[in-house]
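With compact mmCIF, C-alpha atoms inside, this is input_27.txt:
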```txt
# COMPACT_ATOMS: atom_id res chain seq x y z
CA MET L 114 -28.51 -5.65 -15.95
CA SER L 115 -31.22 -3.59 -14.25
CA LYS L 116 -33.56 -1.47 -16.33
CA GLN L 117 -33.55 2.29 -16.01
CA ALA L 118 -36.60 4.20 -14.82
CA VAL L 119 -37.68 7.82 -15.08
CA TYR L 120 -38.92 9.50 -11.90
CA THR L 121 -42.55 10.11 -12.78
CA HIS L 122 -43.17 13.13 -10.52
CA GLY L 123 -39.97 15.15 -10.59
CA HIS L 124 -39.51 17.95 -8.07
CA HIS L 125 -42.04 20.50 -9.28
CA GLU L 126 -43.54 22.70 -6.56
CA SER L 127 -46.78 20.69 -6.67
CA VAL L 128 -44.77 17.57 -5.81
CA LEU L 129 -42.75 19.22 -3.04
CA ARG L 130 -46.02 20.52 -1.57
CA SER L 131 -46.81 16.90 -0.74
CA HIS L 132 -43.28 15.73 0.10
CA SER L 133 -42.67 18.61 2.53
CA TRP L 134 -45.85 17.70 4.43
CA ARG L 135 -44.50 14.25 5.29
CA THR L 136 -43.22 13.53 8.78
CA ALA L 137 -41.94 10.47 10.60
CA LYS L 138 -45.27 10.36 12.43
CA ASN L 139 -47.55 10.44 9.37
CA SER L 140 -45.30 8.50 7.02
CA ALA L 141 -43.03 6.20 9.05
CA ALA L 142 -44.96 5.40 12.24
CA TYR L 143 -44.52 1.67 11.61
CA LEU L 144 -40.74 2.07 12.00
CA LEU L 145 -40.62 4.30 15.09
CA PRO L 146 -40.93 1.51 17.73
CA TYR L 147 -37.72 -0.06 16.38
CA LEU L 148 -35.54 3.04 16.70
CA LYS L 149 -32.96 3.53 19.44
CA PRO L 150 -31.15 6.81 20.18
CA ASP L 151 -27.66 5.63 19.13
CA MET L 152 -28.57 4.14 15.74
CA LYS L 153 -27.09 5.08 12.36
CA LEU L 154 -29.87 5.44 9.78
CA LEU L 155 -29.85 5.89 6.00
CA ASP L 156 -32.90 7.55 4.45
CA ILE L 157 -32.97 6.70 0.72
CA GLY L 158 -34.85 9.14 -1.50
CA CYS L 159 -35.02 11.71 1.28
CA GLY L 160 -36.37 14.56 -0.89
CA PRO L 161 -36.75 17.80 1.08
CA GLY L 162 -35.68 15.96 4.24
CA THR L 163 -38.68 16.43 6.52
CA ILE L 164 -38.87 12.76 7.51
CA THR L 165 -35.06 12.61 7.61
CA ALA L 166 -34.89 15.50 10.05
CA ASP L 167 -37.51 13.87 12.26
CA PHE L 168 -35.33 10.75 12.44
CA ALA L 169 -32.34 12.87 13.44
CA ALA L 170 -34.38 14.46 16.24
CA ILE L 171 -35.17 10.97 17.53
CA LEU L 172 -31.69 9.44 17.12
CA THR L 173 -30.03 11.99 19.39
CA GLU L 174 -26.91 9.88 20.01
CA GLY L 175 -26.73 8.48 16.49
CA HIS L 176 -26.51 9.84 12.96
CA VAL L 177 -28.85 10.12 9.99
CA THR L 178 -27.78 10.27 6.35
CA GLY L 179 -30.21 11.39 3.65
CA LEU L 180 -29.57 10.25 0.09
CA GLU L 181 -30.99 11.67 -3.12
CA VAL L 182 -30.26 11.25 -6.81
CA PRO L 183 -27.44 13.34 -8.33
CA ASP L 184 -28.24 16.50 -10.29
CA SER L 185 -31.04 17.46 -7.93
CA ASP L 186 -31.15 20.74 -6.01
CA ILE L 187 -33.67 19.28 -3.57
CA LEU L 188 -30.90 18.64 -1.04
CA ASP L 189 -30.48 22.39 -0.61
CA LYS L 190 -33.98 22.42 0.86
CA ALA L 191 -33.19 19.38 3.01
CA ARG L 192 -30.04 20.98 4.43
CA ALA L 193 -31.87 24.24 5.09
CA ASN L 194 -34.61 22.38 6.92
CA ALA L 195 -32.10 20.55 9.12
CA THR L 196 -30.23 23.77 9.88
CA ALA L 197 -33.46 25.58 10.80
CA ARG L 198 -34.21 22.80 13.29
CA GLY L 199 -30.72 23.02 14.82
CA LEU L 200 -29.84 19.42 13.95
CA THR L 201 -26.15 18.51 13.86
CA ASN L 202 -26.34 14.71 13.61
CA ILE L 203 -27.52 14.71 10.00
CA SER L 204 -25.84 14.82 6.60
CA PHE L 205 -26.95 14.57 2.99
CA VAL L 206 -25.30 12.89 0.00
CA THR L 207 -26.13 12.01 -3.58
CA GLY L 208 -26.17 8.49 -4.91
CA ASN L 209 -28.06 5.70 -6.65
CA ALA L 210 -30.36 3.33 -4.77
CA LEU L 211 -29.24 0.55 -7.13
CA ASP L 212 -25.57 1.09 -6.26
CA LEU L 213 -25.37 2.62 -2.81
CA PRO L 214 -22.09 4.48 -2.15
CA PHE L 215 -21.40 2.84 1.22
CA PRO L 216 -19.41 -0.16 2.46
CA ASP L 217 -21.14 -3.33 3.59
CA GLY L 218 -22.72 -3.19 7.04
CA THR L 219 -22.60 0.60 7.51
CA PHE L 220 -26.06 1.34 8.99
CA ASP L 221 -28.36 0.02 11.70
CA VAL L 222 -31.47 1.06 9.79
CA ILE L 223 -32.25 1.64 6.12
CA HIS L 224 -35.45 3.57 5.40
CA SER L 225 -37.17 4.43 2.14
CA HIS L 226 -40.56 6.01 1.52
CA GLN L 227 -42.24 5.99 -1.91
CA VAL L 228 -38.97 5.04 -3.61
CA LEU L 229 -39.23 1.44 -4.83
CA GLN L 230 -42.26 2.26 -6.99
CA HIS L 231 -40.04 4.57 -9.03
CA VAL L 232 -36.87 2.50 -9.52
CA GLY L 233 -36.35 0.19 -12.47
CA ASP L 234 -35.22 -2.74 -10.35
CA PRO L 235 -36.75 -2.75 -6.85
CA ILE L 236 -35.29 -6.19 -6.11
CA LEU L 237 -31.77 -4.92 -6.72
CA ALA L 238 -32.53 -1.87 -4.56
CA LEU L 239 -33.60 -4.15 -1.71
CA LYS L 240 -30.42 -6.20 -2.14
CA GLU L 241 -28.37 -3.01 -1.85
CA MET L 242 -30.30 -1.96 1.26
CA ARG L 243 -29.52 -5.30 2.88
CA ARG L 244 -25.86 -5.10 1.88
CA VAL L 245 -25.24 -1.81 3.67
CA THR L 246 -27.20 -2.85 6.79
CA LYS L 247 -25.35 -4.24 9.80
CA PRO L 248 -26.15 -7.81 10.90
CA GLY L 249 -29.13 -7.52 13.24
CA GLY L 250 -30.19 -4.26 11.60
CA ILE L 251 -33.46 -3.30 9.92
CA VAL L 252 -34.60 -2.48 6.39
CA ALA L 253 -37.88 -0.53 6.35
CA THR L 254 -39.81 0.57 3.29
CA ARG L 255 -43.28 2.01 2.67
CA GLU L 256 -44.96 2.23 -0.73
CA ALA L 257 -48.30 3.48 -2.00
CA ASP L 258 -50.65 1.25 -3.99
CA PHE L 259 -52.52 3.24 -6.63
CA SER L 260 -55.05 0.54 -7.49
CA GLY L 261 -55.95 0.43 -3.79
CA MET L 262 -56.83 4.13 -3.57
CA ALA L 263 -60.47 4.88 -2.82
CA TRP L 264 -62.52 8.06 -2.95
CA TYR L 265 -66.04 9.44 -2.73
CA PRO L 266 -67.96 10.67 -4.63
CA GLU L 267 -67.27 9.03 -8.01
CA VAL L 268 -66.49 12.23 -9.89
CA GLU L 269 -66.23 11.69 -13.64
CA GLY L 270 -62.56 11.81 -14.63
CA MET L 271 -61.07 10.51 -11.39
CA GLU L 272 -60.93 6.88 -12.53
CA SER L 273 -59.55 8.05 -15.87
CA TRP L 274 -56.79 9.80 -13.91
CA ARG L 275 -55.96 6.65 -11.93
CA GLN L 276 -55.77 4.37 -14.96
CA SER L 277 -53.75 6.93 -16.89
CA TYR L 278 -51.36 7.43 -13.99
CA ILE L 279 -50.74 3.69 -13.80
CA LYS L 280 -49.97 3.59 -17.54
CA VAL L 281 -47.58 6.55 -17.32
CA ALA L 282 -45.76 5.25 -14.25
CA ARG L 283 -45.27 1.82 -15.81
CA GLY L 284 -44.23 3.45 -19.06
CA ASN L 285 -41.52 5.22 -17.06
CA GLY L 286 -40.27 1.86 -15.76
CA GLY L 287 -41.92 2.00 -12.31
CA GLU L 288 -44.62 0.04 -10.50
CA PRO L 289 -47.41 2.18 -9.03
CA ASP L 290 -48.93 -0.81 -7.20
CA ALA L 291 -45.72 -1.36 -5.26
CA GLY L 292 -47.38 -1.55 -1.85
CA ARG L 293 -48.86 -5.00 -2.44
CA ARG L 294 -45.59 -6.35 -3.85
CA LEU L 295 -43.08 -5.46 -1.14
CA HIS L 296 -42.93 -8.90 0.47
CA VAL L 297 -42.58 -10.61 -2.93
CA TRP L 298 -39.73 -8.31 -3.93
CA ALA L 299 -38.04 -8.78 -0.55
CA LYS L 300 -38.14 -12.58 -0.83
CA ALA L 301 -36.74 -12.34 -4.37
CA ALA L 302 -33.94 -10.15 -2.96
CA GLY L 303 -33.00 -12.91 -0.52
CA TYR L 304 -34.74 -11.83 2.67
CA PRO L 305 -36.06 -14.91 4.54
CA ARG L 306 -39.84 -14.92 4.89
CA GLU L 307 -39.53 -15.21 8.67
CA SER L 308 -37.50 -11.97 8.79
CA ILE L 309 -40.33 -9.94 7.23
CA THR L 310 -43.12 -8.10 9.04
CA LEU L 311 -45.87 -6.50 6.97
CA SER L 312 -48.40 -3.79 7.79
CA VAL L 313 -50.62 -1.24 6.10
CA GLY L 314 -50.62 2.52 6.67
CA THR L 315 -53.11 5.08 5.39
CA TRP L 316 -53.53 8.74 4.62
CA CYS L 317 -57.07 10.10 4.62
CA TYR L 318 -58.26 13.49 3.34
CA TYR L 319 -61.78 14.73 4.08
CA THR L 320 -61.74 18.15 5.77
CA PRO L 321 -62.24 21.20 3.53
CA GLU L 322 -58.60 22.17 4.06
CA ASP L 323 -57.32 18.65 3.33
CA ARG L 324 -59.46 18.32 0.21
CA ALA L 325 -58.35 21.68 -1.15
CA TRP L 326 -54.69 20.84 -0.54
CA TRP L 327 -54.77 17.28 -1.89
CA SER L 328 -56.92 18.02 -4.95
CA GLY L 329 -54.98 21.18 -5.73
CA LEU L 330 -51.58 19.53 -5.78
CA TRP L 331 -52.78 16.68 -8.01
CA ALA L 332 -54.55 19.08 -10.37
CA ASP L 333 -51.34 21.09 -10.62
CA ARG L 334 -49.21 17.97 -11.18
CA LEU L 335 -51.42 17.03 -14.09
CA VAL L 336 -50.63 20.20 -16.01
CA SER L 337 -47.28 21.43 -14.68
CA SER L 338 -44.98 18.66 -13.42
CA ASN L 339 -42.76 16.01 -14.99
CA TYR L 340 -45.83 13.78 -14.94
CA ALA L 341 -47.47 15.92 -17.61
CA THR L 342 -44.34 15.76 -19.75
CA SER L 343 -44.19 11.96 -19.49
CA ALA L 344 -47.92 11.56 -20.15
CA LEU L 345 -47.72 13.62 -23.33
CA ARG L 346 -44.54 11.91 -24.53
CA GLN L 347 -46.05 8.47 -24.04
CA GLY L 348 -49.30 9.43 -25.77
CA VAL L 349 -51.37 8.55 -22.71
CA TYR L 350 -52.82 12.06 -22.59
CA THR L 351 -53.37 15.05 -24.80
CA GLU L 352 -53.03 18.52 -23.30
CA GLU L 353 -56.82 18.77 -23.26
CA GLY L 354 -57.05 15.42 -21.47
CA LEU L 355 -54.65 16.60 -18.79
CA LYS L 356 -56.71 19.74 -18.23
CA ARG L 357 -59.92 17.69 -18.14
CA ASP L 358 -58.68 15.33 -15.43
CA ALA L 359 -57.15 18.23 -13.49
CA GLU L 360 -60.63 19.77 -13.38
CA ALA L 361 -62.02 16.44 -12.18
CA TRP L 362 -59.65 16.65 -9.22
CA ARG L 363 -60.81 20.18 -8.46
CA ARG L 364 -64.47 19.13 -8.63
CA TRP L 365 -63.78 16.31 -6.19
CA GLY L 366 -61.97 18.71 -3.84
CA ALA L 367 -64.87 21.17 -3.91
CA ASP L 368 -67.46 18.54 -2.95
CA GLU L 369 -68.36 18.90 0.74
CA ASP L 370 -68.77 15.12 0.98
CA GLY L 371 -65.41 14.42 -0.60
CA TRP L 372 -63.26 11.70 1.01
CA PHE L 373 -60.02 10.14 -0.24
CA THR L 374 -57.76 7.50 1.22
CA LEU L 375 -54.40 6.06 0.20
CA ILE L 376 -53.17 2.73 1.42
CA HIS L 377 -49.48 1.97 1.76
CA GLY L 378 -47.79 -1.38 2.07
CA GLU L 379 -45.17 -1.31 4.86
CA LEU L 380 -42.33 -3.76 5.31
CA ILE L 381 -39.84 -4.29 8.13
CA ALA L 382 -37.12 -6.84 7.39
CA LYS L 383 -34.49 -7.84 9.93
CA VAL L 384 -31.05 -8.52 8.50
```
Conversion result in structure tokens:
Amino acid sequence: MSKQAVYTHGHHESVLRSHSWRTAKNSAAYLLPYLKPDMKLLDIGCGPGTITADFAAILTEGHVTGLEVPDSDILDKARANATARGLTNISFVTGNALDLPFPDGTFDVIHSHQVLQHVGDPILALKEMRRVTKPGGIVATREADFSGMAWYPEVEGMESWRQSYIKVARGNGGEPDAGRRLHVWAKAAGYPRESITLSVGTWCYYTPEDRAWWSGLWADRLVSSNYATSALRQGVYTEEGLKRDAEAWRRWGADEDGWFTLIHGELIAKV
């Protein structure tokens, strides 16, 4: 029986600020060369649907389905985004990544972005992705790796934030260093090693605008999102500690020499 996990971030505005920035180009470039116009694609954990809509714009003769957890109003934003872009080959449903609501062999491509780090059983999720993929299809997933993040300068409080985030995420049943584990999970899920292609993608923030945006959303998450609730419940932080590390983020963002990069593990597996 798979363990349950709590989504560490939730859908607070500070979280959606980041999720709504994501595009197929900046978050799924590794997958784009594999796409063909007539493909059927499932986007698991689609959130506000910005990447999902980009896929629909590419798969002009195919269809894209975005899936999110039940009891979330985030799909209203995703549908509104698709409508604003005039897309008609896209639909959105609710469901569970550990028990996908589709028959075997439904899709040509399964895509997920920053999902496996938050589920209680990423191996089962990968098994489900393979199950609903057609023979000859593709499973593609991209995950951040928090221990692999790097920044400059070494502002006091930033490393405290990282170590605390890792504790909170694991306390919620997730794995914040998912990026480095994708190939191991895939092999455990039954994907042959020779079917797997690995790569690394990055985000980098260094301009004044980027630093203000990136530092501001993390500072706000620390005091206002589901992350703060989980951190307090688990005893990882006090309210004062959350405020302290939020200020560390703001100090980093205000430094004219500030630089921050995220690495992401990327996996393509042919079914």
**OP:** Would you mind telling me which residue in L:Gln230, L:Thr165, L:Ser277, L:Ser312 lies nearest to Trp298 of chain L when using all atoms listed in the file?
**Re:** L:Gln230
Original post:
Nearest to Ala166 of chain L: which of L:Gly218, L:Gly371, L:Pro150, L:Gly199 is it, counting only C-alpha atoms?
Top reply: L:Gly199
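Every polymer residue reaching to within 7 Å of (-32.8, 0.9, 6.9), counting all atoms listed in the file, appears in this list: Leu154, Leu155, Asp221, Val222, Ile223, His224, Met242, Thr246, Ile251, Val252 and Ala253 of chain L.
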Write out, as JSON lines, each residue of segment 148-177 of chain L that has an atom at most 8 Å from segment 200-206 of chain L, together with the closest pair of atoms and their distance in Å to one decimal, counting all atoms listed in the file, rows going by chain and rising number.
```
{"residue": "L:Ala166", "atom": "CA", "partner": "L:Ile203", "partner_atom": "CA", "distance": 7.4}
{"residue": "L:Ala169", "atom": "CA", "partner": "L:Ile203", "partner_atom": "CA", "distance": 6.2}
{"residue": "L:Ala170", "atom": "CA", "partner": "L:Leu200", "partner_atom": "CA", "distance": 7.1}
{"residue": "L:Thr173", "atom": "CA", "partner": "L:Asn202", "partner_atom": "CA", "distance": 7.4}
{"residue": "L:Gly175", "atom": "CA", "partner": "L:Asn202", "partner_atom": "CA", "distance": 6.9}
{"residue": "L:His176", "atom": "CA", "partner": "L:Asn202", "partner_atom": "CA", "distance": 4.9}
{"residue": "L:Val177", "atom": "CA", "partner": "L:Ile203", "partner_atom": "CA", "distance": 4.8}
```
Test item: residues at most 9 Å from Thr310 of chain L, all atoms listed in the file, excluding those fewer than 5 positions along its chain, as a PDB file with C-alpha atoms, in the coordinates of the input:
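And here is the file that came out, out_20.pdb:
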```
ATOM      1  CA  HIS L 296     -42.930  -8.900   0.470  1.00  0.00           C
ATOM      2  CA  GLU L 379     -45.170  -1.310   4.860  1.00  0.00           C
ATOM      3  CA  LEU L 380     -42.330  -3.760   5.310  1.00  0.00           C
ATOM      4  CA  ILE L 381     -39.840  -4.290   8.130  1.00  0.00           C
ATOM      5  CA  ALA L 382     -37.120  -6.840   7.390  1.00  0.00           C
ATOM      6  CA  LYS L 383     -34.490  -7.840   9.930  1.00  0.00           C
TER       7      LYS L 383
END
```
Original post:
Distance atom CA of Arg334 of chain L-atom CA of Asp156 of chain L, one decimal place?
Top reply: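 About the pair atom CA of Arg334 of chain L and atom CA of Asp156 of chain L: they are 24.9 Å apart.
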Original post:
Which residue out of L:Pro248, L:Pro305, L:Pro146, L:Gly329 has the minimum interatomic distance to Phe220 of chain L when only C-alpha atoms are used?
Top reply: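 Closest residue, counting only C-alpha atoms: L:Pro248.
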**OP:** Report the distance between atom CA of Tyr319 of chain L and atom CA of Trp372 of chain L in Å, rounded to one decimal place.
**Re:** 4.6 Å
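Atom to atom, atom CA of Gly208 of chain L and atom CA of Val182 of chain L stand 5.3 Å apart.
Distances here use only C-alpha atoms; by that measure, the residue among L:Gly378, L:Gly179, L:Pro161, L:Pro214 closest to Leu311 of chain L is L:Gly378.
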Subject >> 10 Å contact set for His377 of chain L, all atoms listed in the file, chain neighbours under 4 positions out, as a list in words >> reply: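 After dropping sequence-adjacent residues, the list is Ser140, His226, Gln227, Thr254, Arg255, Glu256, Ala257, Asp258, Phe259, Gly261, Met262, Asp290, Ala291, Gly292, Arg293, Ser312, Val313, Gly314, Thr315 and Trp316 of chain L.
With distances taken over all atoms listed in the file, L:Arg130 is the one residue among L:Glu352, L:His231, L:Arg130, L:Phe215 lying closest to Trp331 of chain L.
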Original post:
Which residue gives the smallest distance to Met152 of chain L among L:Ser133, L:Thr219, L:Asn194, L:Asn139, with only C-alpha atoms counted?
Top reply: L:Thr219
**OP:** Pick out the residues sitting within 10 Å of Ala367 of chain L, and hand them over as a VMD selection string; count all atoms listed in the file, and ignore anything fewer than 2 positions along from it in its own chain.
**Re:** chain L and resid 321 324 to 325 328 361 to 365 369 to 371
Subject >> All residues 12 Å or closer to Val349 of chain L, all atoms listed in the file, same chain fewer than 4 positions away omitted, as an MDAnalysis selection string >> reply: chainID L and resid 273:285 340:345 353:355
Original post:
Any idea what's packed within 7 Å of Gly158 of chain L, counting only C-alpha atoms, ignoring anything in its chain fewer than 5 positions away? Could you give it as a PyMOL selection string?
Top reply: chain L and resi 180-181+225+228
